[in-house]
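Just query-v6.cif here, mmCIF, C-alpha atoms:
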data_protein
#
loop_
_atom_site.group_PDB
_atom_site.id
_atom_site.type_symbol
_atom_site.label_atom_id
_atom_site.label_comp_id
_atom_site.auth_asym_id
_atom_site.auth_seq_id
_atom_site.Cartn_x
_atom_site.Cartn_y
_atom_site.Cartn_z
ATOM 1 C CA MET A 1 -31.879 -2.636 -9.054
ATOM 2 C CA ASN A 2 -31.032 -0.509 -6.019
ATOM 3 C CA ILE A 3 -29.486 2.960 -6.095
ATOM 4 C CA VAL A 4 -25.896 1.773 -5.545
ATOM 5 C CA GLN A 5 -26.075 -0.635 -8.475
ATOM 6 C CA ARG A 6 -27.611 2.060 -10.690
ATOM 7 C CA LEU A 7 -24.890 4.541 -9.730
ATOM 8 C CA GLU A 8 -22.205 1.938 -10.401
ATOM 9 C CA HIS A 9 -23.757 1.098 -13.775
ATOM 10 C CA TRP A 10 -23.964 4.805 -14.666
ATOM 11 C CA GLY A 11 -20.332 5.308 -13.648
ATOM 12 C CA ASP A 12 -19.208 2.350 -15.759
ATOM 13 C CA ALA A 13 -21.174 3.585 -18.765
ATOM 14 C CA HIS A 14 -19.837 7.143 -18.528
ATOM 15 C CA HIS A 15 -16.209 6.428 -17.620
ATOM 16 C CA PRO A 16 -13.970 8.010 -20.286
ATOM 17 C CA LYS A 17 -11.234 5.812 -21.697
ATOM 18 C CA TRP A 18 -8.545 8.497 -21.337
ATOM 19 C CA VAL A 19 -8.890 8.172 -17.550
ATOM 20 C CA ASP A 20 -7.813 4.546 -17.919
ATOM 21 C CA ILE A 21 -4.698 5.731 -19.738
ATOM 22 C CA ILE A 22 -3.895 7.940 -16.731
ATOM 23 C CA ARG A 23 -4.489 4.958 -14.396
ATOM 24 C CA ILE A 24 -2.132 2.793 -16.456
ATOM 25 C CA ALA A 25 0.515 5.554 -16.527
ATOM 26 C CA LEU A 26 0.192 5.948 -12.749
ATOM 27 C CA GLY A 27 0.680 2.194 -12.339
ATOM 28 C CA ILE A 28 3.789 2.249 -14.546
ATOM 29 C CA PHE A 29 5.183 5.174 -12.553
ATOM 30 C CA LEU A 30 4.577 3.391 -9.244
ATOM 31 C CA CYS A 31 6.269 0.232 -10.546
ATOM 32 C CA TYR A 32 9.235 2.342 -11.629
ATOM 33 C CA LYS A 33 9.451 3.956 -8.185
ATOM 34 C CA GLY A 34 9.259 0.513 -6.531
ATOM 35 C CA ILE A 35 12.178 -0.725 -8.647
ATOM 36 C CA GLU A 36 14.140 2.432 -7.848
ATOM 37 C CA PHE A 37 13.488 1.928 -4.134
ATOM 38 C CA LEU A 38 14.780 -1.636 -4.364
ATOM 39 C CA ARG A 39 17.865 -0.531 -6.287
ATOM 40 C CA ASN A 40 18.644 2.276 -3.790
ATOM 41 C CA MET A 41 17.601 0.598 -0.550
ATOM 42 C CA GLY A 42 20.650 1.919 1.326
ATOM 43 C CA SER A 43 19.816 5.529 0.504
ATOM 44 C CA ILE A 44 16.192 4.995 1.470
ATOM 45 C CA LEU A 45 17.205 3.492 4.809
ATOM 46 C CA ASP A 46 19.545 6.421 5.521
ATOM 47 C CA LEU A 47 16.854 8.950 4.643
ATOM 48 C CA MET A 48 14.250 7.221 6.799
ATOM 49 C CA THR A 49 16.684 6.881 9.709
ATOM 50 C CA ASN A 50 17.322 10.637 9.644
ATOM 51 C CA LYS A 51 13.625 11.592 9.398
ATOM 52 C CA VAL A 52 11.859 9.212 11.803
ATOM 53 C CA SER A 53 12.910 7.865 15.168
ATOM 54 C CA PHE A 54 11.856 4.229 14.891
ATOM 55 C CA GLY A 55 13.980 1.205 15.609
ATOM 56 C CA SER A 56 16.140 -0.242 12.851
ATOM 57 C CA PHE A 57 13.877 -3.277 12.380
ATOM 58 C CA THR A 58 10.838 -1.040 11.913
ATOM 59 C CA ILE A 59 12.664 1.120 9.389
ATOM 60 C CA VAL A 60 13.742 -1.940 7.386
ATOM 61 C CA MET A 61 10.165 -3.268 7.428
ATOM 62 C CA LEU A 62 8.759 0.118 6.340
ATOM 63 C CA SER A 63 11.247 0.463 3.497
ATOM 64 C CA ASN A 64 10.448 -3.041 2.241
ATOM 65 C CA TYR A 65 6.716 -2.301 2.530
ATOM 66 C CA VAL A 66 7.156 0.855 0.450
ATOM 67 C CA ALA A 67 9.072 -0.946 -2.301
ATOM 68 C CA PHE A 68 6.802 -3.965 -2.575
ATOM 69 C CA ALA A 69 3.584 -1.972 -2.162
ATOM 70 C CA HIS A 70 4.668 0.241 -5.056
ATOM 71 C CA LEU A 71 5.405 -2.815 -7.177
ATOM 72 C CA LEU A 72 2.207 -4.684 -6.305
ATOM 73 C CA GLY A 73 0.024 -1.585 -6.382
ATOM 74 C CA GLY A 74 1.522 -0.475 -9.682
ATOM 75 C CA ILE A 75 0.867 -3.843 -11.305
ATOM 76 C CA LEU A 76 -2.709 -3.879 -9.994
ATOM 77 C CA LEU A 77 -3.305 -0.351 -11.288
ATOM 78 C CA ILE A 78 -1.885 -1.239 -14.706
ATOM 79 C CA LEU A 79 -4.205 -4.233 -14.938
ATOM 80 C CA GLY A 80 -7.155 -2.439 -13.381
ATOM 81 C CA ALA A 81 -7.669 -5.327 -10.992
ATOM 82 C CA LEU A 82 -8.413 -4.522 -7.355
ATOM 83 C CA THR A 83 -7.880 -0.832 -8.106
ATOM 84 C CA ARG A 84 -9.312 0.433 -4.835
ATOM 85 C CA PHE A 85 -7.192 -2.023 -2.838
ATOM 86 C CA ALA A 86 -4.077 -0.890 -4.722
ATOM 87 C CA CYS A 87 -4.905 2.733 -3.931
ATOM 88 C CA LEU A 88 -5.404 1.903 -0.262
ATOM 89 C CA LEU A 89 -1.927 0.342 -0.211
ATOM 90 C CA GLN A 90 -0.380 3.475 -1.711
ATOM 91 C CA ILE A 91 -2.119 6.335 0.113
ATOM 92 C CA PRO A 92 -0.321 5.919 3.498
ATOM 93 C CA ILE A 93 3.015 5.821 1.659
ATOM 94 C CA LEU A 94 2.269 9.046 -0.184
ATOM 95 C CA LEU A 95 1.057 10.753 2.991
ATOM 96 C CA GLY A 96 4.323 9.758 4.654
ATOM 97 C CA ALA A 97 6.289 11.034 1.670
ATOM 98 C CA ILE A 98 4.511 14.391 1.766
ATOM 99 C CA PHE A 99 4.577 15.009 5.513
ATOM 100 C CA LEU A 100 7.831 13.306 6.525
ATOM 101 C CA ILE A 101 10.213 13.079 3.608
ATOM 102 C CA ASN A 102 9.348 16.061 1.384
ATOM 103 C CA SER A 103 8.598 18.505 4.200
ATOM 104 C CA THR A 104 12.082 20.064 4.168
ATOM 105 C CA GLY A 105 10.859 23.479 3.022
ATOM 106 C CA ASP A 106 12.258 23.134 -0.510
ATOM 107 C CA LEU A 107 8.833 23.518 -2.076
ATOM 108 C CA LEU A 108 9.888 26.343 -4.388
ATOM 109 C CA ARG A 109 13.049 24.581 -5.510
ATOM 110 C CA PRO A 110 12.933 23.928 -9.283
ATOM 111 C CA PHE A 111 12.918 20.114 -9.077
ATOM 112 C CA SER A 112 10.964 19.594 -5.873
ATOM 113 C CA GLU A 113 9.304 16.184 -5.647
ATOM 114 C CA MET A 114 6.604 17.556 -3.354
ATOM 115 C CA TYR A 115 4.428 18.492 -6.338
ATOM 116 C CA LEU A 116 4.825 15.028 -7.816
ATOM 117 C CA SER A 117 3.914 13.410 -4.492
ATOM 118 C CA ILE A 118 0.819 15.592 -4.169
ATOM 119 C CA LEU A 119 -0.235 14.830 -7.757
ATOM 120 C CA VAL A 120 0.167 11.075 -7.245
ATOM 121 C CA LEU A 121 -1.762 11.273 -3.953
ATOM 122 C CA LEU A 122 -4.628 13.137 -5.633
ATOM 123 C CA LEU A 123 -4.722 10.598 -8.465
ATOM 124 C CA LEU A 124 -4.773 7.732 -5.961
ATOM 125 C CA ILE A 125 -7.663 9.332 -4.077
ATOM 126 C CA TYR A 126 -9.502 9.827 -7.387
ATOM 127 C CA PHE A 127 -9.063 6.178 -8.405
ATOM 128 C CA LEU A 128 -10.009 5.072 -4.880
ATOM 129 C CA ILE A 129 -13.359 6.781 -5.411
ATOM 130 C CA VAL A 130 -13.904 6.039 -9.110
ATOM 131 C CA GLY A 131 -12.352 2.585 -9.308
ATOM 132 C CA ASN A 132 -11.284 0.926 -12.524
ATOM 133 C CA GLY A 133 -12.689 1.640 -15.956
ATOM 134 C CA PRO A 134 -13.593 -0.178 -19.149
ATOM 135 C CA TRP A 135 -9.945 -1.037 -19.928
ATOM 136 C CA SER A 136 -9.400 -3.245 -16.930
ATOM 137 C CA PHE A 137 -8.970 -6.857 -15.985
ATOM 138 C CA LYS A 138 -12.369 -7.896 -14.650
ATOM 139 C CA LEU A 139 -12.430 -10.431 -11.867
ATOM 140 C CA SER A 140 -15.220 -12.949 -12.214
ATOM 141 C CA GLU A 141 -18.362 -12.041 -10.349
ATOM 142 C CA LYS A 142 -20.578 -14.756 -8.887
#
Show the structure stored in the file as structure tokens.
Amino acid sequence: MNIVQRLEHWGDAHHPKWVDIIRIALGIFLCYKGIEFLRNMGSILDLMTNKVSFGSFTIVMLSNYVAFAHLLGGILLILGALTRFACLLQIPILLGAIFLINSTGDLLRPFSEMYLSILVLLLLIYFLIVGNGPWSFKLSEK
């Protein structure tokens, strides 16, 4: 058994179950945000049009990517299947949300979503590194 397999085995054996509860909650939150994006697509398009100077086709494609990546990534995080792939889908969206959308200078406003975006980004980076845990849907290994 090489060092990578031993480290992976050690990580699987010492992965606390409460971290899986956080992963599942993060997946539910991302699914909720994906549904909200689909329900408010007009507002999202207006916000993106004001913040970035892309063509209208690109903005429509980006907004659809955000909504469906949140839905797909959220479902994958809930199940614990392809966790690292789901995190890779989400991280560019959260970086865009932090640097483009939430960068209005309202950081100290009482209900600023910047803190929430940063927290979700940090959780996604954590699960990108750690992966899924014992409460996950295991894909068959050959």
Evaluate the PyMOL selection byres ((chain A and resi 72-83) around 8) on the structure here and hand back the selected residues as a CSV table (one decimal) with C-alpha atoms, in the frame of the given file.
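Output saved as out06.csv:
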chain,number,residue,atom,x,y,z
A,23,ARG,CA,-4.5,5.0,-14.4
A,24,ILE,CA,-2.1,2.8,-16.5
A,25,ALA,CA,0.5,5.6,-16.5
A,26,LEU,CA,0.2,5.9,-12.7
A,27,GLY,CA,0.7,2.2,-12.3
A,28,ILE,CA,3.8,2.2,-14.5
A,29,PHE,CA,5.2,5.2,-12.6
A,30,LEU,CA,4.6,3.4,-9.2
A,31,CYS,CA,6.3,0.2,-10.5
A,68,PHE,CA,6.8,-4.0,-2.6
A,69,ALA,CA,3.6,-2.0,-2.2
A,70,HIS,CA,4.7,0.2,-5.1
A,71,LEU,CA,5.4,-2.8,-7.2
A,84,ARG,CA,-9.3,0.4,-4.8
A,85,PHE,CA,-7.2,-2.0,-2.8
A,86,ALA,CA,-4.1,-0.9,-4.7
A,87,CYS,CA,-4.9,2.7,-3.9
A,89,LEU,CA,-1.9,0.3,-0.2
A,90,GLN,CA,-0.4,3.5,-1.7
A,127,PHE,CA,-9.1,6.2,-8.4
A,128,LEU,CA,-10.0,5.1,-4.9
A,131,GLY,CA,-12.4,2.6,-9.3
A,132,ASN,CA,-11.3,0.9,-12.5
A,133,GLY,CA,-12.7,1.6,-16.0
A,135,TRP,CA,-9.9,-1.0,-19.9
A,136,SER,CA,-9.4,-3.2,-16.9
A,137,PHE,CA,-9.0,-6.9,-16.0
A,138,LYS,CA,-12.4,-7.9,-14.6
A,139,LEU,CA,-12.4,-10.4,-11.9
Measure the distance from atom CA of A:Ile44 to atom CA of A:Ile93 in Å and round it to one decimal.
->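 Going from atom CA of A:Ile44 over to atom CA of A:Ile93 covers 13.2 Å.
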For the atom pair atom CA of A:Pro16 and atom CA of A:Leu116, what is the interatomic distance in Å to one decimal place?
-> 23.6 Å
How many Å lie between atom CA of A:Ile98 and atom CA of A:Met48, rounded to one decimal?
->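 We find that atom CA of A:Ile98 and atom CA of A:Met48 lie 13.1 Å from each other.
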Determine, counting all atoms listed in the file, which protein, DNA and RNA residues have an atom within 10 Å of an atom of A:Asn64; residues of the same chain fewer than 3 positions away are not included. Present the result as a VMD selection string.
-> chain A and resid 34 37 to 38 41 44 to 45 58 to 61 67 to 70
Draw an axis-aligned box over all listed atoms of stretch 63-82 of chain A, pad each side with 6 Å, and write its centre and edge lengths in Å, one decimal, as lines of an AutoDock Vina configuration file.
center_x = 1.4
center_y = -2.2
center_z = -5.7
size_x = 31.7
size_y = 18.2
size_z = 30.4
Can you work out which one of A:Ala97, A:Ile35, A:Leu124, A:Leu88 has the shortest atom-to-atom distance to A:Ile22, counting all atoms listed in the file?
->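 Checking each candidate against A:Ile22, we get A:Leu124 as the closest.
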List as an mmCIF file with C-alpha atoms, in the frame of the given file the protein and nucleic acid residues near A:Leu121, meaning an atom at most 8 Å away when only C-alpha atoms are counted, but skip any in the same chain fewer than 2 places from it.
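Saved to part26.cif:
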data_model
loop_
_atom_site.group_PDB
_atom_site.id
_atom_site.type_symbol
_atom_site.label_atom_id
_atom_site.label_comp_id
_atom_site.auth_asym_id
_atom_site.auth_seq_id
_atom_site.Cartn_x
_atom_site.Cartn_y
_atom_site.Cartn_z
ATOM 1 C CA ILE A 91 -2.119 6.335 0.113
ATOM 2 C CA LEU A 94 2.269 9.046 -0.184
ATOM 3 C CA LEU A 95 1.057 10.753 2.991
ATOM 4 C CA SER A 117 3.914 13.410 -4.492
ATOM 5 C CA ILE A 118 0.819 15.592 -4.169
ATOM 6 C CA LEU A 119 -0.235 14.830 -7.757
ATOM 7 C CA LEU A 123 -4.722 10.598 -8.465
ATOM 8 C CA LEU A 124 -4.773 7.732 -5.961
ATOM 9 C CA ILE A 125 -7.663 9.332 -4.077
#
